[in-house]
$ cat start14.txt   # compact mmCIF, C-alpha atoms
# COMPACT_ATOMS: atom_id res chain seq x y z
CA MET A 22 21.37 20.69 -52.57
CA ARG A 23 18.06 19.10 -51.53
CA ARG A 24 19.77 15.76 -50.86
CA MET A 25 22.38 17.56 -48.77
CA ILE A 26 19.65 19.19 -46.63
CA THR A 27 17.91 15.83 -46.15
CA LEU A 28 21.19 14.21 -45.11
CA ILE A 29 21.99 16.95 -42.62
CA SER A 30 18.44 16.77 -41.21
CA THR A 31 18.72 13.00 -40.79
CA VAL A 32 22.06 13.30 -39.02
CA LEU A 33 20.70 15.98 -36.71
CA LEU A 34 17.57 13.91 -35.94
CA LEU A 35 19.63 10.80 -35.20
CA SER A 36 21.96 12.84 -33.00
CA PHE A 37 18.98 14.22 -31.10
CA CYS A 38 17.44 10.77 -30.59
CA TYR A 39 20.76 9.36 -29.46
CA GLY A 40 21.17 12.25 -27.06
CA VAL A 41 17.70 11.70 -25.59
CA LEU A 42 18.31 7.98 -25.17
CA ALA A 43 21.78 8.52 -23.76
CA GLU A 44 20.45 11.08 -21.29
CA GLN A 45 17.45 8.99 -20.12
CA LYS A 46 18.37 8.03 -16.62
CA GLN A 47 18.15 4.43 -15.52
CA ASP A 48 17.04 3.22 -12.13
CA THR A 49 17.76 -0.13 -10.52
CA ILE A 50 16.00 -2.03 -7.80
CA SER A 51 17.89 -4.89 -6.19
CA VAL A 52 16.29 -6.88 -3.41
CA ARG A 53 17.12 -9.98 -1.46
CA GLY A 54 14.39 -11.68 0.52
CA ALA A 55 11.86 -14.46 0.77
CA ARG A 56 9.45 -12.56 -1.48
CA PRO A 57 11.60 -10.43 -3.78
CA VAL A 58 8.75 -9.44 -6.11
CA SER A 59 6.73 -8.14 -3.17
CA ASP A 60 9.78 -6.40 -1.70
CA ALA A 61 10.51 -4.73 -5.03
CA ALA A 62 6.88 -3.60 -5.34
CA ILE A 63 7.10 -2.00 -1.89
CA GLU A 64 10.34 -0.30 -2.89
CA LEU A 65 8.66 1.08 -6.02
CA GLY A 66 5.94 2.48 -3.77
CA LYS A 67 8.54 4.24 -1.65
CA ARG A 68 10.44 5.65 -4.61
CA TYR A 69 7.59 6.60 -6.92
CA ASN A 70 4.45 6.45 -4.73
CA TRP A 71 3.05 3.67 -6.90
CA VAL A 72 0.22 1.68 -5.36
CA ILE A 73 1.05 -1.93 -6.20
CA ALA A 74 -0.82 -4.90 -4.73
CA TYR A 75 0.75 -8.33 -4.44
CA GLU A 76 -0.44 -11.92 -3.97
CA ASP A 77 1.87 -14.84 -3.28
CA PRO A 78 1.61 -18.15 -5.08
CA GLN A 79 1.25 -21.23 -2.87
CA TYR A 80 4.88 -22.32 -2.65
CA GLU A 81 5.35 -26.11 -2.77
CA TYR A 82 8.52 -26.85 -4.73
CA ALA A 83 11.64 -27.70 -2.72
CA GLY A 84 13.59 -25.07 -4.65
CA ASP A 85 11.10 -22.42 -3.58
CA ILE A 86 10.94 -23.21 0.13
CA GLU A 87 13.27 -23.74 3.07
CA ASP A 88 13.02 -25.21 6.53
CA ALA A 89 13.67 -22.19 8.75
CA THR A 90 12.80 -23.87 12.04
CA GLN A 91 16.21 -23.42 13.63
CA ARG A 92 16.43 -19.81 12.51
CA VAL A 93 12.96 -18.77 13.62
CA ARG A 94 11.92 -20.77 16.68
CA LYS A 95 13.10 -19.39 20.00
CA ASP A 96 11.68 -22.35 21.93
CA ILE A 97 14.21 -24.92 20.73
CA LYS A 98 17.92 -25.40 21.26
CA PRO A 99 20.36 -25.48 18.32
CA GLY A 100 20.29 -28.93 16.75
CA GLU A 101 17.30 -30.06 18.84
CA GLN A 102 14.92 -32.51 17.16
CA VAL A 103 11.60 -30.83 16.40
CA GLU A 104 8.28 -32.52 15.86
CA ASP A 105 7.00 -32.08 12.34
CA SER A 106 4.02 -29.91 13.31
CA LYS A 107 6.39 -27.32 14.78
CA ARG A 108 8.53 -26.96 11.67
CA VAL A 109 8.58 -23.48 10.15
CA ILE A 110 8.61 -23.72 6.36
CA LEU A 111 9.13 -20.43 4.54
CA PRO A 112 9.65 -19.19 1.01
CA ARG A 113 13.35 -19.51 0.17
CA VAL A 114 15.39 -16.29 0.22
CA LYS A 115 16.19 -15.16 -3.34
CA GLU A 116 17.64 -12.16 -5.10
CA LEU A 117 16.07 -10.03 -7.80
CA SER A 118 17.45 -7.05 -9.65
CA VAL A 119 15.81 -5.04 -12.39
CA THR A 120 16.96 -1.93 -14.24
CA PHE A 121 14.46 0.32 -15.98
CA PRO A 122 14.18 3.82 -17.47
CA GLN A 123 13.52 6.27 -14.69
CA PRO A 124 9.90 7.52 -14.91
CA SER A 125 9.60 11.09 -16.10
CA THR A 126 7.09 11.94 -13.36
CA PRO A 127 5.73 10.13 -10.31
CA ASN A 128 2.32 10.14 -12.00
CA ASP A 129 3.53 8.21 -15.04
CA ILE A 130 1.01 5.35 -14.88
CA THR A 131 2.36 3.85 -18.10
CA ALA A 132 5.78 3.56 -16.52
CA GLU A 133 4.18 2.08 -13.39
CA LEU A 134 2.68 -0.73 -15.44
CA GLN A 135 5.78 -1.28 -17.58
CA VAL A 136 8.19 -1.34 -14.67
CA THR A 137 5.96 -3.74 -12.74
CA LYS A 138 5.85 -6.01 -15.80
CA SER A 139 9.62 -5.86 -16.18
CA LEU A 140 9.88 -6.82 -12.54
CA VAL A 141 7.78 -9.98 -12.88
CA ASP A 142 9.45 -10.80 -16.22
CA ALA A 143 12.86 -10.65 -14.55
CA TYR A 144 11.61 -12.98 -11.82
CA GLU A 145 10.15 -15.39 -14.38
CA ARG A 146 13.44 -15.57 -16.31
CA LYS A 147 15.25 -16.41 -13.09
CA GLU A 148 12.81 -18.67 -11.29
CA GLY A 149 10.17 -19.88 -13.74
CA THR A 150 7.31 -18.76 -11.52
CA THR A 151 5.11 -16.27 -13.34
CA PHE A 152 2.82 -13.45 -12.32
CA GLU A 153 0.11 -11.63 -14.19
CA VAL A 154 0.05 -7.84 -13.93
CA ARG A 155 -3.41 -6.27 -13.86
CA ARG A 156 -4.17 -2.56 -14.10
CA THR A 157 -7.19 -1.42 -12.07
CA PRO A 158 -8.37 2.16 -11.53
CA ASN A 159 -6.39 2.74 -8.34
CA ARG A 160 -3.76 0.01 -8.33
CA VAL A 161 -1.48 -2.25 -10.28
CA GLU A 162 -1.98 -5.81 -9.08
CA ILE A 163 0.62 -8.59 -9.19
CA VAL A 164 -1.30 -11.85 -9.34
CA PRO A 165 0.19 -15.38 -9.34
CA ALA A 166 -0.10 -17.03 -12.78
CA MET A 167 2.13 -20.15 -12.95
CA PHE A 168 3.75 -21.76 -9.92
CA ARG A 169 5.83 -24.87 -9.33
CA ARG A 170 4.10 -27.87 -7.82
CA ALA A 171 6.08 -30.01 -5.39
CA SER A 172 7.22 -32.07 -8.40
CA GLY A 173 8.74 -28.98 -10.00
CA GLU A 174 6.16 -28.93 -12.75
CA LEU A 175 4.74 -25.52 -13.60
CA GLN A 176 1.01 -25.29 -13.17
CA PRO A 177 -1.56 -22.48 -13.45
CA ALA A 178 -2.22 -20.85 -10.10
CA LYS A 179 -5.66 -20.11 -8.71
CA PRO A 180 -5.34 -16.62 -7.22
CA LEU A 181 -6.95 -16.68 -3.80
CA LEU A 182 -8.54 -13.27 -4.26
CA ASP A 183 -10.42 -14.49 -7.35
CA THR A 184 -12.51 -16.66 -5.02
CA LEU A 185 -16.20 -15.70 -4.93
CA ILE A 186 -17.48 -14.78 -1.50
CA ARG A 187 -20.49 -13.23 0.20
CA MET A 188 -20.67 -10.80 3.08
CA SER A 189 -23.77 -9.98 5.11
CA PRO A 190 -24.73 -6.30 5.56
CA ASP A 191 -23.74 -6.03 9.22
CA ASP A 192 -22.29 -2.79 10.54
CA ARG A 193 -18.57 -3.41 10.96
CA ASN A 194 -15.50 -1.34 11.52
CA GLY A 195 -12.72 -1.77 8.98
CA ALA A 196 -10.75 -4.21 11.11
CA THR A 197 -13.72 -6.50 11.60
CA PHE A 198 -14.59 -6.25 7.91
CA LEU A 199 -11.09 -7.44 7.06
CA ARG A 200 -11.34 -10.34 9.52
CA VAL A 201 -14.72 -11.45 8.15
CA LEU A 202 -13.40 -11.22 4.59
CA CYS A 203 -10.55 -13.52 5.60
CA GLU A 204 -12.99 -15.94 7.24
CA GLU A 205 -15.13 -16.02 4.10
CA LEU A 206 -12.06 -16.74 1.98
CA GLN A 207 -10.97 -19.49 4.33
CA GLY A 208 -14.48 -20.97 4.32
CA GLN A 209 -14.59 -21.06 0.52
CA THR A 210 -11.08 -22.38 -0.10
CA GLY A 211 -10.17 -24.40 2.98
CA VAL A 212 -6.90 -22.47 3.15
CA LYS A 213 -6.16 -20.58 6.38
CA VAL A 214 -6.44 -16.82 5.82
CA PHE A 215 -6.02 -14.24 8.57
CA PRO A 216 -5.61 -10.46 8.82
CA GLY A 217 -1.97 -9.55 9.38
CA MET A 218 -0.85 -5.92 9.65
CA PHE A 219 -2.99 -2.97 8.64
CA PRO A 220 -3.37 0.70 9.66
CA GLN A 221 -5.38 -0.06 12.77
CA ASN A 222 -6.51 3.40 13.82
CA ALA A 223 -7.81 4.22 10.35
CA PHE A 224 -9.56 0.85 10.10
CA ALA A 225 -11.08 1.22 13.57
CA GLN A 226 -12.52 4.63 12.72
CA TYR A 227 -14.07 3.53 9.44
CA HIS A 228 -17.45 1.74 9.38
CA THR A 229 -19.24 -0.02 6.58
CA LYS A 230 -22.44 -2.01 6.07
CA ALA A 231 -21.46 -3.21 2.63
CA GLU A 232 -23.21 -6.36 1.43
CA TYR A 233 -21.81 -8.64 -1.22
CA GLU A 234 -23.12 -11.75 -2.92
CA ASN A 235 -21.17 -13.89 -5.32
CA ILE A 236 -18.43 -11.30 -5.71
CA SER A 237 -14.71 -12.00 -5.98
CA ALA A 238 -12.77 -11.28 -2.81
CA ARG A 239 -10.57 -9.06 -4.97
CA GLN A 240 -13.49 -6.80 -5.84
CA VAL A 241 -14.75 -6.80 -2.26
CA LEU A 242 -11.33 -5.83 -0.95
CA THR A 243 -10.88 -3.20 -3.67
CA GLU A 244 -14.23 -1.56 -2.98
CA PHE A 245 -13.69 -1.70 0.75
CA LEU A 246 -10.31 0.03 0.53
CA ASP A 247 -11.46 2.53 -2.10
CA GLY A 248 -14.38 3.48 0.16
CA MET A 249 -12.09 4.56 2.98
CA PRO A 250 -10.81 8.14 3.30
CA HIS A 251 -7.69 8.28 1.08
CA GLY A 252 -8.63 4.71 0.17
CA ASN A 253 -6.96 4.86 -3.24
CA ARG A 254 -3.62 4.96 -1.40
CA TYR A 255 -4.15 1.64 0.38
CA THR A 256 -2.87 -1.59 -1.07
CA TRP A 257 -2.38 -5.18 0.01
CA ALA A 258 0.22 -7.90 0.29
CA LEU A 259 -1.37 -11.35 0.55
CA LEU A 260 1.54 -13.44 1.79
CA PHE A 261 1.62 -17.24 1.87
CA GLN A 262 3.49 -19.42 4.29
CA PRO A 263 3.71 -23.12 3.35
CA ARG A 264 1.82 -25.43 5.72
CA TYR A 265 0.26 -22.41 7.45
CA GLY A 266 -1.75 -20.17 5.14
CA TYR A 267 -2.15 -16.59 3.99
CA ALA A 268 -1.81 -13.31 5.90
CA LEU A 269 -3.72 -10.41 4.35
CA ASN A 270 -1.69 -7.26 5.02
CA ILE A 271 -2.72 -3.70 4.15
CA ARG A 272 -0.43 -0.70 3.95
CA ALA A 273 -0.72 2.91 2.82
CA VAL A 274 1.43 4.43 0.08
CA LYS A 275 2.22 8.13 0.25
CA GLU A 276 0.52 10.51 -2.15
CA PRO A 277 2.66 11.60 -5.08
CA THR A 278 3.60 15.25 -5.24
CA LYS A 279 1.05 15.88 -7.96
CA PRO A 280 -2.40 14.26 -7.67
CA VAL A 281 -3.19 11.40 -10.03
CA GLU A 282 -6.31 11.92 -12.13
CA ALA A 283 -9.15 9.74 -10.91
CA THR A 284 -10.36 7.01 -13.23
CA PRO A 285 -14.09 6.29 -13.32
CA LYS A 286 -15.14 3.10 -11.55
CA THR A 287 -17.08 0.47 -13.42
CA SER A 288 -19.20 -2.42 -12.24
CA SER A 289 -20.76 -5.22 -14.22
CA GLY A 290 -21.96 -8.79 -14.06
CA PRO A 291 -24.79 -10.61 -12.28
CA GLN A 292 -23.90 -9.18 -8.92
CA ARG A 293 -25.67 -7.16 -6.28
CA ILE A 294 -23.88 -4.67 -4.12
CA ILE A 295 -25.49 -2.59 -1.44
CA ARG A 296 -22.98 -0.44 0.30
CA GLU A 297 -23.41 1.93 3.21
CA THR A 298 -20.23 3.45 4.52
CA THR A 299 -19.64 5.75 7.43
CA SER A 300 -16.53 7.78 7.99
CA PRO A 301 -15.71 11.01 9.77
CA LEU A 302 -16.85 12.70 6.55
CA GLY A 303 -20.39 11.33 6.73
CA THR A 304 -22.49 8.40 5.56
CA THR A 305 -22.77 7.23 1.98
CA VAL A 306 -25.22 4.69 0.59
CA ASP A 307 -24.58 3.11 -2.80
CA VAL A 308 -26.89 0.58 -4.43
CA ILE A 309 -25.49 -1.03 -7.54
CA ARG A 310 -27.49 -3.68 -9.40
CA MET B 27 -4.09 28.30 23.19
CA PRO B 28 -2.28 28.60 26.53
CA ASN B 29 1.48 28.95 26.70
CA GLY B 30 3.42 25.72 26.46
CA SER B 31 2.14 22.36 25.26
CA PRO B 32 -0.89 20.58 26.61
CA ALA B 33 -0.17 17.71 28.94
CA GLU B 34 -1.87 14.40 28.29
CA THR B 35 -3.09 11.55 30.43
CA THR B 36 -3.63 8.12 28.91
CA GLU B 37 -5.83 5.25 30.04
CA LEU B 38 -6.37 1.75 28.67
CA GLU B 39 -10.04 1.35 27.73
CA GLY B 40 -10.10 -2.23 26.51
CA TRP B 41 -8.87 -5.00 24.24
CA TYR B 42 -10.37 -5.59 20.81
CA SER B 43 -9.40 -8.88 19.19
CA ASP B 44 -9.71 -7.52 15.64
CA ILE B 45 -7.48 -4.54 16.41
CA SER B 46 -5.47 -4.48 19.68
CA ALA B 47 -5.48 -2.47 22.91
CA GLY B 48 -7.40 0.80 22.78
CA TRP B 49 -6.12 3.79 24.73
CA ARG B 50 -8.08 6.96 25.49
CA GLN B 51 -6.36 10.27 26.17
CA THR B 52 -7.29 13.54 27.86
CA LEU B 53 -5.51 16.81 27.13
CA GLN B 54 -4.82 19.18 30.01
CA SER B 55 -3.72 22.79 29.88
CA ASP B 56 -1.63 24.90 32.22
CA PRO B 57 -3.29 26.93 33.63
CA SER B 58 -6.14 24.46 33.77
CA GLY B 59 -9.55 25.18 32.35
CA TRP B 60 -8.61 25.39 28.68
CA ASN B 61 -10.82 23.23 26.53
CA PHE B 62 -9.26 21.65 23.45
CA GLY B 63 -12.58 20.43 22.05
CA GLY B 64 -12.92 20.84 18.30
CA ARG B 65 -9.23 20.53 17.59
CA TYR B 66 -7.57 17.47 16.14
CA VAL B 67 -4.45 15.52 17.04
CA THR B 68 -2.23 13.51 14.73
CA GLU B 69 0.71 11.18 15.15
CA GLU B 70 3.99 10.63 13.32
CA ASP B 71 6.82 8.20 13.66
CA GLY B 72 9.67 9.40 15.83
CA GLY B 73 12.24 6.87 14.62
CA GLY B 74 14.15 4.15 16.42
CA GLY B 75 11.41 1.51 16.33
CA SER B 76 12.03 -2.23 16.60
CA ASP B 77 10.16 -5.50 16.05
CA SER B 78 11.75 -8.64 17.50
CA CYS B 79 8.81 -10.86 16.48
CA TRP B 80 9.48 -10.51 12.76
CA PHE B 81 11.79 -12.86 10.85
CA GLU B 82 12.84 -13.04 7.21
CA GLY B 83 10.06 -14.80 5.33
CA SER B 84 7.34 -13.93 7.84
CA ALA B 85 3.86 -13.69 6.34
CA VAL B 86 3.26 -10.74 8.65
CA PRO B 87 5.43 -7.74 7.69
CA LEU B 88 8.01 -6.02 9.83
CA SER B 89 6.42 -3.39 12.04
CA ASN B 90 9.00 -0.95 13.29
CA VAL B 91 7.69 2.32 11.87
CA ILE B 92 4.40 4.12 12.47
CA GLY B 93 2.87 4.32 9.04
CA GLU B 94 4.12 1.16 7.37
CA GLY B 95 0.95 -0.78 7.86
CA VAL B 96 0.53 -1.61 11.48
CA ASN B 97 -0.19 1.75 12.94
CA ASP B 98 -0.85 4.90 11.05
CA TYR B 99 0.17 7.24 8.35
CA GLU B 100 0.35 10.97 7.97
CA GLY B 101 -2.89 12.21 6.54
CA TYR B 102 -4.39 8.77 6.03
CA SER B 103 -5.02 7.91 9.64
CA GLY B 104 -3.57 8.49 13.04
CA THR B 105 -5.84 11.51 13.18
CA TRP B 106 -8.42 12.00 15.90
CA ASN B 107 -10.93 14.73 16.70
CA VAL B 108 -10.72 16.07 20.25
CA ASP B 109 -14.14 15.90 21.95
CA ALA B 110 -15.93 18.44 24.14
CA ILE B 111 -14.17 17.28 27.30
CA SER B 112 -10.68 17.48 25.71
CA GLY B 113 -10.55 13.71 25.23
CA TRP B 114 -9.57 11.74 22.18
CA GLY B 115 -9.12 8.12 21.16
CA TYR B 116 -8.86 5.32 20.87
CA ASP B 117 -5.25 5.03 19.94
CA TYR B 118 -4.64 1.32 19.33
CA VAL B 119 -1.28 0.06 20.47
CA GLY B 120 -0.42 -3.52 19.56
CA TRP B 121 -1.49 -6.09 17.03
CA PRO B 122 -4.70 -8.02 16.31
CA GLN B 123 -5.07 -11.36 18.04
CA ALA B 124 -4.60 -13.23 14.75
CA SER B 125 -1.09 -11.78 14.37
CA VAL B 126 -0.28 -12.67 17.99
CA THR B 127 -1.36 -16.26 17.31
CA TYR B 128 0.73 -16.32 14.14
CA TYR B 129 3.94 -15.30 15.92
CA ARG B 130 3.30 -17.78 18.74
CA ASP B 131 2.68 -20.56 16.20
CA GLN B 132 6.05 -19.83 14.59
CA GLY B 133 7.81 -19.96 17.96
CA SER B 134 9.15 -16.42 17.59
CA ALA B 135 7.52 -15.30 20.86
CA PRO B 136 8.36 -14.06 23.46
CA CYS B 137 9.03 -10.91 21.52
CA SER B 138 8.08 -7.27 21.36
CA MET B 139 7.48 -4.25 19.15
CA GLN B 140 8.54 -0.74 20.14
CA LEU B 141 7.73 2.55 18.45
CA THR B 142 8.25 6.23 19.15
CA GLN B 143 5.15 8.33 18.56
CA VAL B 144 5.32 12.09 18.06
CA MET B 145 1.94 13.77 18.66
CA TYR B 146 0.79 17.01 17.05
CA ILE B 147 -2.19 19.22 17.83
CA GLY B 148 -3.96 21.42 15.32
CA CYS B 149 -4.06 25.14 16.09
CA SER B 150 -5.99 28.05 14.63
CA ASP B 151 -2.91 30.24 14.37
CA SER B 152 0.52 29.62 12.90
CA PRO B 153 2.12 27.16 13.26
CA TYR B 154 -1.08 25.29 12.56
CA SER B 155 0.23 21.94 13.76
CA ARG B 156 2.47 21.78 16.82
CA THR B 157 4.25 18.94 18.54
CA TYR B 158 2.97 18.56 22.08
CA ILE B 159 4.28 15.21 23.32
CA THR B 160 6.49 12.28 22.33
CA ASN B 161 5.45 8.83 23.56
CA SER B 162 6.96 5.39 23.74
CA LEU B 163 4.61 2.66 22.45
CA GLU B 164 5.29 -1.00 23.15
CA PHE B 165 3.59 -4.33 22.62
CA ASP B 166 4.92 -7.51 24.23
CA ILE B 167 3.90 -11.05 23.32
CA ALA B 168 4.51 -13.73 25.95
CA SER B 169 3.44 -17.37 25.77
CA THR B 170 0.10 -16.83 27.53
CA SER B 171 -0.35 -13.07 27.68
CA VAL B 172 0.14 -9.82 25.79
CA THR B 173 0.98 -6.38 27.19
CA SER B 174 0.32 -2.99 25.61
CA LYS B 175 2.22 0.07 26.84
CA ARG B 176 1.63 3.71 26.05
CA ALA B 177 3.34 6.76 27.55
CA GLY B 178 4.43 4.92 30.67
CA GLN B 179 1.08 3.20 31.26
CA SER B 180 0.68 -0.55 30.80
CA GLY B 181 -2.10 -3.12 30.45
CA THR B 182 -1.89 -6.91 30.23
CA ASN B 183 -4.34 -9.32 28.68
CA THR B 184 -4.10 -12.94 29.81
CA THR B 185 -6.91 -14.21 27.59
CA TRP B 186 -5.07 -13.84 24.27

$ encode --input "start14.txt" --output "structure tokens"
Amino acid sequence: MRRMITLISTVLLLSFCYGVLAEQKQDTISVRGARPVSDAAIELGKRYNWVIAYEDPQYEYAGDIEDATQRVRKDIKPGEQVEDSKRVILPRVKELSVTFPQPSTPNDITAELQVTKSLVDAYERKEGTTFEVRRTPNRVEIVPAMFRRASGELQPAKPLLDTLIRMSPDDRNGATFLRVLCEELQGQTGVKVFPGMFPQNAFAQYHTKAEYENISARQVLTEFLDGMPHGNRYTWALLFQPRYGYALNIRAVKEPTKPVEATPKTSSGPQRIIRETTSPLGTTVDVIR
Amino acid sequence: MPNGSPAETTELEGWYSDISAGWRQTLQSDPSGWNFGGRYVTEEDGGGGSDSCWFEGSAVPLSNVIGEGVNDYEGYSGTWNVDAISGWGYDYVGWPQASVTYYRDQGSAPCSMQLTQVMYIGCSDSPYSRTYITNSLEFDIASTSVTSKRAGQSGTNTTW
């Protein structure tokens, strides 16, 4: 009798588990573009309000780039010879598709991390290029890990935002802060970096006197964005164009229906940060040693 | 709040290389004399935007919707306090100089960006946010100049 009960219980449990698995809805993201990982991250932000940051690797390999001069330039005729300095070299258009269990709630931060990882894993299986996925208090960051050199050989990438920079404590609006951050990055790396698109009115209204010494550009950018009103909803796309450089773009991601619980910030290391920020809500001064 | 929506005049105040062209607005009531000071105004996308500068693979993203990076976003920005003389601003229409240079370097200029902006004003009685005007915003990049347009007004900068 006891064995019979155990058997029935096991069958019922297995049936329940099967039912749960069978009923778990799947979602698919399919993108086609020059930066499919970035495009998919943006799509995840639209669908689930996830705040995902992205940094391009420095594309070199012939299989990763294309000469788009004829397609892009309006100042040449079809078939016209173009001097080399005017050539427009872009990341090659590729496709990426990933299917994943639909998150139970928009605030499912575990799913956010897992889906982002499955995204970069799918890209790695297809292209070889790899990304690291980092979880920070307000964002998931997709960071280049291995990229193909011109020879095709995979090599560890040096993420641009890991570069250490300094910023003087001048009073700047958000737009100027972003431009100076780009200049500091360019000065340290020799790679052209410029501010691309960002929410201009919000950046113009926000002021900061933050000072940084020997801090990674990633931390500077993170603290700058987090300091803005609704700053935890801002994220970046640092996009590379071969033979040109990086554009640092900022966008806002809508709030989820239910608020995400805030995670305490931490700071460590031999760094000095003095931050004074001014917004329509008032002035804040933080000194962190 | 008087009957009907406030009218609005717009005037180009200046060009800011880190941002774009800054426009200042003044709200006007009918009958005149109503002061809108202390209220706030917000913007939303009205649909139908376009960006002929962008191309697939561009390092600068497509900008054809208010709220997808270039301009503003409900709740996050695109919100201004109205001052004591019923003025508000700046509303920046266009792109930073670095993005203008980028598109010129790629040979995708001449080109332009167009957006439709729906403006709301906060009220003390229901409905607490009311549409009062819909504007056309435009930014044109030529080989040696840029032009910002807002609500039928236009300003050109030949130094960018």

$ interface_residues --input "start14.txt" --of "chain B" --to "chain A" --cutoff "10 Å" --atoms "only C-alpha atoms" --output "VMD selection string"
chain B and resid 42 to 46 48 79 to 89 92 to 107 115 to 126 128 to 137

$ atom_distance --input "start14.txt" --atom1 "atom CA of Glu116 of chain A" --atom2 "atom CA of Pro57 of chain A"
6.4 Å

$ closest_residue --input "start14.txt" --among "B:Ser31, B:Gln143, B:Ser55, B:Ser155" --to "Val67 of chain B" --atoms "only C-alpha atoms"
B:Ser155

$ atom_distance --input "start14.txt" --atom1 "atom CA of Gln47 of chain A" --atom2 "atom CA of Pro165 of chain A"
27.4 Å

$ residues_around --input "start14.txt" --residues "Ala110 of chain B" --least-positions-apart "2" --cutoff "12 Å" --atoms "only C-alpha atoms" --output "PyMOL selection string"
chain B and resi 52-53+60-66+107-108+112-114

$ write_last_selection --input "start14.txt" --atoms "C-alpha atoms" --output "compact mmCIF listing (two decimals), keeping the file's coordinate frame"
# COMPACT_ATOMS: atom_id res chain seq x y z
CA THR B 52 -7.29 13.54 27.86
CA LEU B 53 -5.51 16.81 27.13
CA TRP B 60 -8.61 25.39 28.68
CA ASN B 61 -10.82 23.23 26.53
CA PHE B 62 -9.26 21.65 23.45
CA GLY B 63 -12.58 20.43 22.05
CA GLY B 64 -12.92 20.84 18.30
CA ARG B 65 -9.23 20.53 17.59
CA TYR B 66 -7.57 17.47 16.14
CA ASN B 107 -10.93 14.73 16.70
CA VAL B 108 -10.72 16.07 20.25
CA SER B 112 -10.68 17.48 25.71
CA GLY B 113 -10.55 13.71 25.23
CA TRP B 114 -9.57 11.74 22.18
